[in-house]
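The file upload_32.pdb comes next; it holds PDB, C-alpha atoms.
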```
ATOM      1  CA  GLY A 184       3.620  -3.049 -18.406  1.00  0.00           C
ATOM      2  CA  GLN A 185       3.022  -1.127 -15.181  1.00  0.00           C
ATOM      3  CA  GLN A 186       0.587  -3.581 -13.641  1.00  0.00           C
ATOM      4  CA  LEU A 187       1.463  -6.278 -11.167  1.00  0.00           C
ATOM      5  CA  ASN A 188      -0.420  -9.556 -11.433  1.00  0.00           C
ATOM      6  CA  GLN A 189      -0.755 -11.163  -8.045  1.00  0.00           C
ATOM      7  CA  SER A 190      -2.112 -14.651  -7.406  1.00  0.00           C
ATOM      8  CA  PRO A 191      -4.000 -16.259  -5.942  1.00  0.00           C
ATOM      9  CA  GLN A 192      -6.651 -13.688  -5.049  1.00  0.00           C
ATOM     10  CA  SER A 193      -7.562 -15.569  -1.893  1.00  0.00           C
ATOM     11  CA  MET A 194      -6.492 -18.627   0.064  1.00  0.00           C
ATOM     12  CA  PHE A 195      -8.224 -20.640   2.777  1.00  0.00           C
ATOM     13  CA  ILE A 196      -5.852 -22.908   4.654  1.00  0.00           C
ATOM     14  CA  GLN A 197      -5.576 -24.886   7.870  1.00  0.00           C
ATOM     15  CA  GLU A 198      -3.261 -23.804  10.630  1.00  0.00           C
ATOM     16  CA  GLY A 199       0.144 -25.414  10.176  1.00  0.00           C
ATOM     17  CA  GLU A 200       0.019 -25.510   6.388  1.00  0.00           C
ATOM     18  CA  ASP A 201       2.562 -23.771   4.172  1.00  0.00           C
ATOM     19  CA  VAL A 202       1.464 -20.958   1.874  1.00  0.00           C
ATOM     20  CA  SER A 203       2.848 -19.719  -1.414  1.00  0.00           C
ATOM     21  CA  MET A 204       1.821 -16.666  -3.430  1.00  0.00           C
ATOM     22  CA  ASN A 205       3.397 -14.865  -6.339  1.00  0.00           C
ATOM     23  CA  CYS A 206       3.514 -11.683  -8.314  1.00  0.00           C
ATOM     24  CA  THR A 207       4.393 -11.210 -11.972  1.00  0.00           C
ATOM     25  CA  SER A 208       4.831  -8.369 -14.403  1.00  0.00           C
ATOM     26  CA  SER A 209       5.642  -7.954 -18.064  1.00  0.00           C
ATOM     27  CA  SER A 210       8.287  -5.344 -17.161  1.00  0.00           C
ATOM     28  CA  ILE A 211      11.636  -5.739 -15.483  1.00  0.00           C
ATOM     29  CA  PHE A 212      12.060  -4.189 -12.034  1.00  0.00           C
ATOM     30  CA  ASN A 213      14.927  -3.562  -9.676  1.00  0.00           C
ATOM     31  CA  THR A 214      12.935  -3.932  -6.485  1.00  0.00           C
ATOM     32  CA  TRP A 215      10.209  -6.197  -5.176  1.00  0.00           C
ATOM     33  CA  LEU A 216       8.468  -5.431  -1.912  1.00  0.00           C
ATOM     34  CA  TRP A 217       6.018  -7.529   0.087  1.00  0.00           C
ATOM     35  CA  TYR A 218       3.574  -5.856   2.467  1.00  0.00           C
ATOM     36  CA  LYS A 219       1.010  -7.340   4.834  1.00  0.00           C
ATOM     37  CA  GLN A 220      -2.223  -5.647   5.848  1.00  0.00           C
ATOM     38  CA  ASP A 221      -3.865  -6.829   9.044  1.00  0.00           C
ATOM     39  CA  PRO A 222      -7.649  -6.355   9.225  1.00  0.00           C
ATOM     40  CA  GLY A 223      -8.463  -2.706   9.969  1.00  0.00           C
ATOM     41  CA  GLU A 224      -4.843  -1.567   9.685  1.00  0.00           C
ATOM     42  CA  GLY A 225      -2.532  -0.071   7.103  1.00  0.00           C
ATOM     43  CA  PRO A 226       0.016  -2.194   5.211  1.00  0.00           C
ATOM     44  CA  VAL A 227       3.339  -2.985   6.854  1.00  0.00           C
ATOM     45  CA  LEU A 228       6.532  -3.918   5.003  1.00  0.00           C
ATOM     46  CA  LEU A 229       7.521  -7.580   5.436  1.00  0.00           C
ATOM     47  CA  ILE A 230      10.401  -8.113   3.035  1.00  0.00           C
ATOM     48  CA  ALA A 231      12.281  -6.041   0.461  1.00  0.00           C
ATOM     49  CA  LEU A 232      14.223  -7.613  -2.422  1.00  0.00           C
ATOM     50  CA  TYR A 233      16.801  -5.712  -4.445  1.00  0.00           C
ATOM     51  CA  LYS A 234      18.665  -8.211  -6.603  1.00  0.00           C
ATOM     52  CA  ALA A 235      17.621 -10.791  -9.166  1.00  0.00           C
ATOM     53  CA  GLY A 236      17.779 -14.249  -7.628  1.00  0.00           C
ATOM     54  CA  GLU A 237      17.842 -12.846  -4.091  1.00  0.00           C
ATOM     55  CA  LEU A 238      16.257 -15.052  -1.443  1.00  0.00           C
ATOM     56  CA  THR A 239      15.412 -13.350   1.849  1.00  0.00           C
ATOM     57  CA  SER A 240      13.802 -14.677   5.017  1.00  0.00           C
ATOM     58  CA  ASN A 241      11.988 -12.957   7.854  1.00  0.00           C
ATOM     59  CA  GLY A 242      11.050 -15.572  10.435  1.00  0.00           C
ATOM     60  CA  ARG A 243       8.607 -17.991   8.802  1.00  0.00           C
ATOM     61  CA  LEU A 244       8.421 -15.835   5.693  1.00  0.00           C
ATOM     62  CA  THR A 245      10.671 -16.312   2.691  1.00  0.00           C
ATOM     63  CA  ALA A 246      10.597 -14.237  -0.472  1.00  0.00           C
ATOM     64  CA  GLN A 247      12.512 -14.554  -3.704  1.00  0.00           C
ATOM     65  CA  PHE A 248      13.273 -12.084  -6.479  1.00  0.00           C
ATOM     66  CA  GLY A 249      12.870 -14.028  -9.723  1.00  0.00           C
ATOM     67  CA  ILE A 250      15.942 -14.444 -11.881  1.00  0.00           C
ATOM     68  CA  THR A 251      14.151 -12.845 -14.859  1.00  0.00           C
ATOM     69  CA  ARG A 252      13.392  -9.771 -12.651  1.00  0.00           C
ATOM     70  CA  LYS A 253       9.751 -10.041 -13.703  1.00  0.00           C
ATOM     71  CA  ASP A 254       8.409 -12.030 -10.776  1.00  0.00           C
ATOM     72  CA  SER A 255       8.605 -12.651  -7.068  1.00  0.00           C
ATOM     73  CA  PHE A 256       7.354 -15.293  -4.652  1.00  0.00           C
ATOM     74  CA  LEU A 257       6.383 -15.151  -0.990  1.00  0.00           C
ATOM     75  CA  ASN A 258       6.205 -18.314   1.078  1.00  0.00           C
ATOM     76  CA  ILE A 259       4.876 -18.660   4.617  1.00  0.00           C
ATOM     77  CA  SER A 260       5.754 -21.827   6.483  1.00  0.00           C
ATOM     78  CA  ALA A 261       3.697 -23.444   9.264  1.00  0.00           C
ATOM     79  CA  SER A 262       0.913 -20.862   9.140  1.00  0.00           C
ATOM     80  CA  ILE A 263      -0.686 -19.582  12.343  1.00  0.00           C
ATOM     81  CA  PRO A 264      -3.949 -17.672  12.892  1.00  0.00           C
ATOM     82  CA  SER A 265      -2.180 -14.290  13.100  1.00  0.00           C
ATOM     83  CA  ASP A 266      -0.988 -14.741   9.502  1.00  0.00           C
ATOM     84  CA  VAL A 267      -4.533 -13.766   8.461  1.00  0.00           C
ATOM     85  CA  GLY A 268      -4.616 -10.637   6.336  1.00  0.00           C
ATOM     86  CA  ILE A 269      -3.991  -9.335   2.848  1.00  0.00           C
ATOM     87  CA  TYR A 270      -0.531  -9.696   1.341  1.00  0.00           C
ATOM     88  CA  PHE A 271       0.528  -7.227  -1.317  1.00  0.00           C
ATOM     89  CA  CYS A 272       3.455  -7.232  -3.655  1.00  0.00           C
ATOM     90  CA  ALA A 273       4.682  -3.802  -4.650  1.00  0.00           C
ATOM     91  CA  ARG A 274       7.430  -2.100  -6.571  1.00  0.00           C
ATOM     92  CA  THR A 275       8.701   1.415  -6.993  1.00  0.00           C
ATOM     93  CA  GLN A 276       7.821   3.094 -10.258  1.00  0.00           C
ATOM     94  CA  GLY A 277      10.197   4.685 -12.705  1.00  0.00           C
ATOM     95  CA  GLY A 278      13.064   5.416 -10.370  1.00  0.00           C
ATOM     96  CA  SER A 279      10.867   7.332  -7.949  1.00  0.00           C
ATOM     97  CA  GLU A 280       9.432   6.758  -4.511  1.00  0.00           C
ATOM     98  CA  LYS A 281       6.002   5.977  -5.986  1.00  0.00           C
ATOM     99  CA  LEU A 282       4.782   2.536  -5.008  1.00  0.00           C
ATOM    100  CA  VAL A 283       2.646   0.418  -7.324  1.00  0.00           C
ATOM    101  CA  PHE A 284       0.757  -2.407  -5.633  1.00  0.00           C
ATOM    102  CA  GLY A 285      -0.648  -5.716  -6.770  1.00  0.00           C
ATOM    103  CA  LYS A 286      -4.304  -6.415  -6.000  1.00  0.00           C
ATOM    104  CA  GLY A 287      -3.424  -8.538  -3.009  1.00  0.00           C
ATOM    105  CA  THR A 288      -3.817 -12.108  -1.773  1.00  0.00           C
ATOM    106  CA  LYS A 289      -6.308 -12.491   1.059  1.00  0.00           C
ATOM    107  CA  LEU A 290      -5.230 -15.235   3.443  1.00  0.00           C
ATOM    108  CA  THR A 291      -7.591 -16.970   5.852  1.00  0.00           C
ATOM    109  CA  VAL A 292      -6.176 -19.456   8.351  1.00  0.00           C
ATOM    110  CA  ASN A 293      -8.559 -21.873  10.035  1.00  0.00           C
ATOM    111  CA  PRO A 294      -7.473 -22.981  13.500  1.00  0.00           C
TER     112      PRO A 294
ATOM    113  CA  ASN B 100       6.344   7.306  18.501  1.00  0.00           C
ATOM    114  CA  ALA B 101       3.177   8.139  16.542  1.00  0.00           C
ATOM    115  CA  GLY B 102       4.409   7.440  12.985  1.00  0.00           C
ATOM    116  CA  VAL B 103       1.667   8.311  10.484  1.00  0.00           C
ATOM    117  CA  THR B 104      -1.589   9.554  11.978  1.00  0.00           C
ATOM    118  CA  GLN B 105      -4.809   9.812   9.999  1.00  0.00           C
ATOM    119  CA  THR B 106      -8.040  11.441  11.093  1.00  0.00           C
ATOM    120  CA  PRO B 107     -10.889  10.756  11.139  1.00  0.00           C
ATOM    121  CA  LYS B 108     -11.022   6.949  11.220  1.00  0.00           C
ATOM    122  CA  PHE B 109     -14.592   6.869   9.911  1.00  0.00           C
ATOM    123  CA  GLN B 110     -16.698   9.412   8.026  1.00  0.00           C
ATOM    124  CA  VAL B 111     -20.076   9.452   6.322  1.00  0.00           C
ATOM    125  CA  LEU B 112     -20.751  12.217   3.804  1.00  0.00           C
ATOM    126  CA  LYS B 113     -23.702  13.167   1.677  1.00  0.00           C
ATOM    127  CA  THR B 114     -23.176  13.522  -2.051  1.00  0.00           C
ATOM    128  CA  GLY B 115     -21.862  16.987  -2.824  1.00  0.00           C
ATOM    129  CA  GLN B 116     -20.409  17.674   0.608  1.00  0.00           C
ATOM    130  CA  SER B 117     -16.772  18.577   1.004  1.00  0.00           C
ATOM    131  CA  MET B 118     -14.299  17.430   3.585  1.00  0.00           C
ATOM    132  CA  THR B 119     -10.609  17.096   4.332  1.00  0.00           C
ATOM    133  CA  LEU B 120      -8.871  13.917   5.398  1.00  0.00           C
ATOM    134  CA  GLN B 121      -5.952  14.723   7.640  1.00  0.00           C
ATOM    135  CA  CYS B 122      -2.547  13.033   7.586  1.00  0.00           C
ATOM    136  CA  ALA B 123       0.427  13.872   9.777  1.00  0.00           C
ATOM    137  CA  GLN B 124       3.791  12.169  10.243  1.00  0.00           C
ATOM    138  CA  ASP B 125       6.449  12.813  12.856  1.00  0.00           C
ATOM    139  CA  MET B 126       9.366  11.040  11.180  1.00  0.00           C
ATOM    140  CA  ASN B 127      10.567  14.023   9.124  1.00  0.00           C
ATOM    141  CA  HIS B 128       9.907  12.083   5.922  1.00  0.00           C
ATOM    142  CA  GLU B 129      10.087  14.041   2.681  1.00  0.00           C
ATOM    143  CA  TYR B 130       7.820  11.763   0.660  1.00  0.00           C
ATOM    144  CA  MET B 131       4.105  11.441   1.442  1.00  0.00           C
ATOM    145  CA  SER B 132       1.289   9.899  -0.535  1.00  0.00           C
ATOM    146  CA  TRP B 133      -2.419   9.083  -0.496  1.00  0.00           C
ATOM    147  CA  TYR B 134      -3.925   5.797  -1.644  1.00  0.00           C
ATOM    148  CA  ARG B 135      -7.443   4.492  -1.882  1.00  0.00           C
ATOM    149  CA  GLN B 136      -8.252   0.846  -1.329  1.00  0.00           C
ATOM    150  CA  ASP B 137     -11.280  -0.765  -2.911  1.00  0.00           C
ATOM    151  CA  PRO B 138     -12.224  -4.472  -2.782  1.00  0.00           C
ATOM    152  CA  GLY B 139     -10.243  -6.464  -5.319  1.00  0.00           C
ATOM    153  CA  MET B 140      -8.372  -3.379  -6.546  1.00  0.00           C
ATOM    154  CA  GLY B 141      -5.384  -3.215  -4.253  1.00  0.00           C
ATOM    155  CA  LEU B 142      -4.052   0.227  -3.327  1.00  0.00           C
ATOM    156  CA  ARG B 143      -4.185   2.923  -5.977  1.00  0.00           C
ATOM    157  CA  LEU B 144      -2.150   6.109  -5.741  1.00  0.00           C
ATOM    158  CA  ILE B 145      -4.204   9.328  -5.674  1.00  0.00           C
ATOM    159  CA  HIS B 146      -1.644  12.105  -5.106  1.00  0.00           C
ATOM    160  CA  TYR B 147       1.861  12.311  -3.742  1.00  0.00           C
ATOM    161  CA  SER B 148       4.406  14.852  -2.572  1.00  0.00           C
ATOM    162  CA  VAL B 149       8.204  14.746  -2.593  1.00  0.00           C
ATOM    163  CA  GLY B 150       8.518  17.666  -0.195  1.00  0.00           C
ATOM    164  CA  ALA B 151       6.880  20.786   1.177  1.00  0.00           C
ATOM    165  CA  GLY B 152       5.362  22.844  -1.608  1.00  0.00           C
ATOM    166  CA  ILE B 153       5.581  20.032  -4.196  1.00  0.00           C
ATOM    167  CA  THR B 154       2.684  17.771  -5.143  1.00  0.00           C
ATOM    168  CA  ASP B 155       1.839  15.624  -8.135  1.00  0.00           C
ATOM    169  CA  GLN B 156      -0.926  13.370  -9.407  1.00  0.00           C
ATOM    170  CA  GLY B 157      -0.995   9.633  -9.065  1.00  0.00           C
ATOM    171  CA  GLU B 158      -3.094   7.035 -10.834  1.00  0.00           C
ATOM    172  CA  VAL B 159      -6.571   8.190  -9.729  1.00  0.00           C
ATOM    173  CA  PRO B 160      -6.405  11.952  -8.913  1.00  0.00           C
ATOM    174  CA  ASN B 161      -9.805  13.132 -10.190  1.00  0.00           C
ATOM    175  CA  GLY B 162     -12.066  14.544  -7.489  1.00  0.00           C
ATOM    176  CA  TYR B 163      -9.235  15.072  -5.003  1.00  0.00           C
ATOM    177  CA  ASN B 164      -6.949  17.974  -4.145  1.00  0.00           C
ATOM    178  CA  VAL B 165      -3.848  18.053  -1.983  1.00  0.00           C
ATOM    179  CA  SER B 166      -1.394  20.583  -0.636  1.00  0.00           C
ATOM    180  CA  ARG B 167       1.864  20.285   1.301  1.00  0.00           C
ATOM    181  CA  SER B 168       2.586  23.449   3.254  1.00  0.00           C
ATOM    182  CA  THR B 169       4.724  21.657   5.866  1.00  0.00           C
ATOM    183  CA  THR B 170       6.853  18.522   5.921  1.00  0.00           C
ATOM    184  CA  GLU B 171       4.606  16.969   8.556  1.00  0.00           C
ATOM    185  CA  ASP B 172       1.128  17.390   7.050  1.00  0.00           C
ATOM    186  CA  PHE B 173      -0.449  16.227   3.806  1.00  0.00           C
ATOM    187  CA  PRO B 174      -4.236  16.741   3.800  1.00  0.00           C
ATOM    188  CA  LEU B 175      -6.495  15.259   1.127  1.00  0.00           C
ATOM    189  CA  ARG B 176      -9.531  17.311   0.107  1.00  0.00           C
ATOM    190  CA  LEU B 177     -12.735  16.102  -1.460  1.00  0.00           C
ATOM    191  CA  LEU B 178     -14.409  19.189  -2.906  1.00  0.00           C
ATOM    192  CA  SER B 179     -17.720  17.587  -3.861  1.00  0.00           C
ATOM    193  CA  ALA B 180     -18.055  14.031  -2.628  1.00  0.00           C
ATOM    194  CA  ALA B 181     -19.521  11.361  -4.916  1.00  0.00           C
ATOM    195  CA  PRO B 182     -20.612   7.790  -4.112  1.00  0.00           C
ATOM    196  CA  SER B 183     -17.708   6.540  -6.248  1.00  0.00           C
ATOM    197  CA  GLN B 184     -15.374   7.977  -3.628  1.00  0.00           C
ATOM    198  CA  THR B 185     -16.636   5.552  -1.020  1.00  0.00           C
ATOM    199  CA  SER B 186     -13.434   3.756  -0.080  1.00  0.00           C
ATOM    200  CA  VAL B 187     -10.755   3.289   2.534  1.00  0.00           C
ATOM    201  CA  TYR B 188      -8.055   5.940   2.284  1.00  0.00           C
ATOM    202  CA  PHE B 189      -4.469   5.439   3.400  1.00  0.00           C
ATOM    203  CA  CYS B 190      -1.746   7.984   3.849  1.00  0.00           C
ATOM    204  CA  ALA B 191       1.894   6.871   3.701  1.00  0.00           C
ATOM    205  CA  SER B 192       5.286   8.471   4.207  1.00  0.00           C
ATOM    206  CA  SER B 193       8.872   7.513   3.529  1.00  0.00           C
ATOM    207  CA  ARG B 194      12.334   9.015   3.434  1.00  0.00           C
ATOM    208  CA  GLN B 195      13.239  10.460   0.091  1.00  0.00           C
ATOM    209  CA  GLY B 196      14.906   8.082  -2.284  1.00  0.00           C
ATOM    210  CA  ILE B 197      13.731   4.941  -3.939  1.00  0.00           C
ATOM    211  CA  ASP B 198      13.690   1.621  -2.156  1.00  0.00           C
ATOM    212  CA  THR B 199      12.940   3.071   1.247  1.00  0.00           C
ATOM    213  CA  GLU B 200      10.220   1.633   3.445  1.00  0.00           C
ATOM    214  CA  ALA B 201       6.816   3.318   3.284  1.00  0.00           C
ATOM    215  CA  PHE B 202       4.945   3.675   6.582  1.00  0.00           C
ATOM    216  CA  PHE B 203       1.164   3.713   6.423  1.00  0.00           C
ATOM    217  CA  GLY B 204      -1.479   5.242   8.641  1.00  0.00           C
ATOM    218  CA  GLN B 205      -4.412   3.196   9.930  1.00  0.00           C
ATOM    219  CA  GLY B 206      -6.750   4.435   7.255  1.00  0.00           C
ATOM    220  CA  THR B 207      -9.955   6.465   6.964  1.00  0.00           C
ATOM    221  CA  ARG B 208     -13.103   4.597   5.998  1.00  0.00           C
ATOM    222  CA  LEU B 209     -15.259   7.009   3.982  1.00  0.00           C
ATOM    223  CA  THR B 210     -18.830   6.373   2.915  1.00  0.00           C
ATOM    224  CA  VAL B 211     -20.602   8.761   0.548  1.00  0.00           C
ATOM    225  CA  VAL B 212     -24.354   8.380   0.438  1.00  0.00           C
TER     226      VAL B 212
END
```

Just dump the structure as structure tokens.
Amino acid sequence: GQQLNQSPQSMFIQEGEDVSMNCTSSSIFNTWLWYKQDPGEGPVLLIALYKAGELTSNGRLTAQFGITRKDSFLNISASIPSDVGIYFCARTQGGSEKLVFGKGTKLTVNP
Amino acid sequence: NAGVTQTPKFQVLKTGQSMTLQCAQDMNHEYMSWYRQDPGMGLRLIHYSVGAGITDQGEVPNGYNVSRSTTEDFPLRLLSAAPSQTSVYFCASSRQGIDTEAFFGQGTRLTVV
């Protein structure tokens, strides 16, 4: 119940294509977070979602908090080479500051 | 504005050696944590601290010790390094309270031979 299932594990796309990835869990959560890790760097928060059904955008990125509160989606439109990296979903655990991460989606963008 | 600073960036240890990974933050954050990142495993929580003098175990604490004598610093100690501890280690900090953004350091790449 604590694990986050993130898919796909990896994606190879052409520049300009749209990307979609998702994260699911068997448990209900109040928060979904999406982080991006550039090669050789630490993760950086992209989008935070706090309400079921919430749809939030950050530039070309759009994320949604599933209505069942058990899943979330991240979409990237018109991908560019700097979108390369690993995207993680995450949630806080048990009403604390502890973050639990999915295993990540590694994105490769071919120019 | 330094944020979260980790040192060293790279380290090679022999099995059985000890060392301390340093982490410092200048944002006056109460909450600090250590993660390890292994291929295909995501980030797994090792230890965390909700304030000076308070630490607790995460998901994978065995083989690691921590202490939090100041708000700014949260070192991670490997008492007797093992090859299974070869990994990339990340320190993170955030304000206290759930749903606050965690800021990560650049990581320490550790190899144990």

The PyMOL selection byres ((chain A) within 10 of (chain B)) - which residues does that actually catch in the file I just gave you? List them as a PDB file with C-alpha atoms, keeping the file's coordinate frame.
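Result went into selection-v4.pdb, see below:
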```pdb
ATOM      1  CA  GLN A 189      -0.755 -11.163  -8.045  1.00  0.00           C
ATOM      2  CA  GLN A 192      -6.651 -13.688  -5.049  1.00  0.00           C
ATOM      3  CA  ASN A 213      14.927  -3.562  -9.676  1.00  0.00           C
ATOM      4  CA  THR A 214      12.935  -3.932  -6.485  1.00  0.00           C
ATOM      5  CA  TRP A 215      10.209  -6.197  -5.176  1.00  0.00           C
ATOM      6  CA  LEU A 216       8.468  -5.431  -1.912  1.00  0.00           C
ATOM      7  CA  TYR A 218       3.574  -5.856   2.467  1.00  0.00           C
ATOM      8  CA  GLN A 220      -2.223  -5.647   5.848  1.00  0.00           C
ATOM      9  CA  GLY A 223      -8.463  -2.706   9.969  1.00  0.00           C
ATOM     10  CA  GLU A 224      -4.843  -1.567   9.685  1.00  0.00           C
ATOM     11  CA  GLY A 225      -2.532  -0.071   7.103  1.00  0.00           C
ATOM     12  CA  PRO A 226       0.016  -2.194   5.211  1.00  0.00           C
ATOM     13  CA  VAL A 227       3.339  -2.985   6.854  1.00  0.00           C
ATOM     14  CA  LEU A 228       6.532  -3.918   5.003  1.00  0.00           C
ATOM     15  CA  LEU A 229       7.521  -7.580   5.436  1.00  0.00           C
ATOM     16  CA  ILE A 230      10.401  -8.113   3.035  1.00  0.00           C
ATOM     17  CA  ALA A 231      12.281  -6.041   0.461  1.00  0.00           C
ATOM     18  CA  LEU A 232      14.223  -7.613  -2.422  1.00  0.00           C
ATOM     19  CA  TYR A 233      16.801  -5.712  -4.445  1.00  0.00           C
ATOM     20  CA  ILE A 269      -3.991  -9.335   2.848  1.00  0.00           C
ATOM     21  CA  TYR A 270      -0.531  -9.696   1.341  1.00  0.00           C
ATOM     22  CA  PHE A 271       0.528  -7.227  -1.317  1.00  0.00           C
ATOM     23  CA  CYS A 272       3.455  -7.232  -3.655  1.00  0.00           C
ATOM     24  CA  ALA A 273       4.682  -3.802  -4.650  1.00  0.00           C
ATOM     25  CA  ARG A 274       7.430  -2.100  -6.571  1.00  0.00           C
ATOM     26  CA  THR A 275       8.701   1.415  -6.993  1.00  0.00           C
ATOM     27  CA  GLN A 276       7.821   3.094 -10.258  1.00  0.00           C
ATOM     28  CA  GLY A 277      10.197   4.685 -12.705  1.00  0.00           C
ATOM     29  CA  GLY A 278      13.064   5.416 -10.370  1.00  0.00           C
ATOM     30  CA  SER A 279      10.867   7.332  -7.949  1.00  0.00           C
ATOM     31  CA  GLU A 280       9.432   6.758  -4.511  1.00  0.00           C
ATOM     32  CA  LYS A 281       6.002   5.977  -5.986  1.00  0.00           C
ATOM     33  CA  LEU A 282       4.782   2.536  -5.008  1.00  0.00           C
ATOM     34  CA  VAL A 283       2.646   0.418  -7.324  1.00  0.00           C
ATOM     35  CA  PHE A 284       0.757  -2.407  -5.633  1.00  0.00           C
ATOM     36  CA  GLY A 285      -0.648  -5.716  -6.770  1.00  0.00           C
ATOM     37  CA  LYS A 286      -4.304  -6.415  -6.000  1.00  0.00           C
ATOM     38  CA  GLY A 287      -3.424  -8.538  -3.009  1.00  0.00           C
ATOM     39  CA  THR A 288      -3.817 -12.108  -1.773  1.00  0.00           C
ATOM     40  CA  LYS A 289      -6.308 -12.491   1.059  1.00  0.00           C
TER      41      LYS A 289
END
```

**OP:** Considering all atoms listed in the file, return as a PyMOL selection string whatever protein or nucleic-acid residues lie within 8 Å of A:Pro294, sequence-local ones (same chain, fewer than 4 positions apart) excluded.
**Re:** chain A and resi 197-198+263-264

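These residues, each with an atom at most 7 Å from (6.0, 18.1, 11.9) using only C-alpha atoms, are Gln124, Asp125, Asn127, Thr170, Glu171 and Asp172 of chain B.
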
Subject >> Reference answer for the PyMOL selection byres ((chain A and resi 194) around 9), as an MDAnalysis selection string >> reply: chainID A and resid 191:193 195:196 202 288:292

So that all listed atoms of stretch 226-231 of chain A fit with 4 Å spare on each side, what axis-aligned box centre and edge lengths in Å, to one decimal, would you give as JSON?
```
{"center_x": 6.1, "center_y": -5.2, "center_z": 3.7, "size_x": 20.3, "size_y": 13.9, "size_z": 14.4}
```

**OP:** Name the residues that the PyMOL selection byres ((chain B and resi 152) around 7) picks from the file above, as a list of chain:residue names, using the file's chain letters and numbers.
**Re:** B:Gly150, B:Ala151, B:Ile153, B:Thr154, B:Arg167, B:Ser168

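Taking atom CA of B:Leu178 and atom CA of B:Thr119 as the two end points, the separation is 8.4 Å.
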
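Remark: for B:Ala123, the closest of the candidate residues B:Lys108, B:Pro174, B:Tyr163, B:Gln156 is B:Pro174 (distances computed over only C-alpha atoms).
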
Subject >> Atomic distance atom CA of A:Met204 - atom CA of B:Val159, expressed in Å with one decimal >> reply: 27.0 Å

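Of note, atom CA of B:Thr104 and atom CA of B:Phe173 are spaced 10.6 Å apart.
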
Original post:
Given the choices A:Ser203, A:Asn188, A:Ser262, A:Asn293, which gets closest to A:Thr245 if the distance is worked out from all atoms listed in the file?
Top reply: A:Ser203

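For the set A:Leu187, A:Ser208, A:Asp221, A:Asn241, the residue with the smallest atom-to-atom gap to A:Gly268 is A:Asp221, counting all atoms listed in the file.
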
**OP:** Anything within 9 Å of (-17.6, 7.5, 4.4): list those residues as a ChimeraX atom specification, counting all atoms listed in the file and sticking to the file's coordinates.
**Re:** /B:109-113,184-187,207-212

Fix up stretch 243-254 of chain A with N, CA and C atoms, then write it as an mmCIF file, keeping the file's coordinate frame.
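File result02.cif, as written:
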```cif
data_model
loop_
_atom_site.group_PDB
_atom_site.id
_atom_site.type_symbol
_atom_site.label_atom_id
_atom_site.label_comp_id
_atom_site.auth_asym_id
_atom_site.auth_seq_id
_atom_site.Cartn_x
_atom_site.Cartn_y
_atom_site.Cartn_z
ATOM 1 N N ARG A 243 9.214 -16.914 9.611
ATOM 2 C CA ARG A 243 8.607 -17.991 8.802
ATOM 3 C C ARG A 243 8.333 -17.568 7.363
ATOM 4 N N LEU A 244 8.653 -16.345 7.041
ATOM 5 C CA LEU A 244 8.421 -15.835 5.693
ATOM 6 C C LEU A 244 9.702 -15.892 4.874
ATOM 7 N N THR A 245 9.554 -16.307 3.622
ATOM 8 C CA THR A 245 10.671 -16.312 2.691
ATOM 9 C C THR A 245 10.187 -15.724 1.375
ATOM 10 N N ALA A 246 10.959 -14.839 0.806
ATOM 11 C CA ALA A 246 10.597 -14.237 -0.472
ATOM 12 C C ALA A 246 11.775 -14.341 -1.416
ATOM 13 N N GLN A 247 11.469 -14.476 -2.690
ATOM 14 C CA GLN A 247 12.512 -14.554 -3.704
ATOM 15 C C GLN A 247 12.237 -13.589 -4.834
ATOM 16 N N PHE A 248 13.283 -12.974 -5.321
ATOM 17 C CA PHE A 248 13.273 -12.084 -6.479
ATOM 18 C C PHE A 248 13.609 -12.963 -7.670
ATOM 19 N N GLY A 249 12.673 -13.131 -8.601
ATOM 20 C CA GLY A 249 12.870 -14.028 -9.723
ATOM 21 C C GLY A 249 14.088 -13.658 -10.562
ATOM 22 N N ILE A 250 14.702 -14.654 -11.126
ATOM 23 C CA ILE A 250 15.942 -14.444 -11.881
ATOM 24 C C ILE A 250 15.692 -13.607 -13.143
ATOM 25 N N THR A 251 14.471 -13.655 -13.676
ATOM 26 C CA THR A 251 14.151 -12.845 -14.859
ATOM 27 C C THR A 251 13.845 -11.394 -14.492
ATOM 28 N N ARG A 252 13.734 -11.096 -13.195
ATOM 29 C CA ARG A 252 13.392 -9.771 -12.651
ATOM 30 C C ARG A 252 11.953 -9.375 -12.966
ATOM 31 N N LYS A 253 11.139 -10.341 -13.391
ATOM 32 C CA LYS A 253 9.751 -10.041 -13.703
ATOM 33 C C LYS A 253 8.792 -10.700 -12.715
ATOM 34 N N ASP A 254 9.310 -11.392 -11.714
ATOM 35 C CA ASP A 254 8.409 -12.030 -10.776
ATOM 36 C C ASP A 254 9.034 -12.177 -9.392
#
```
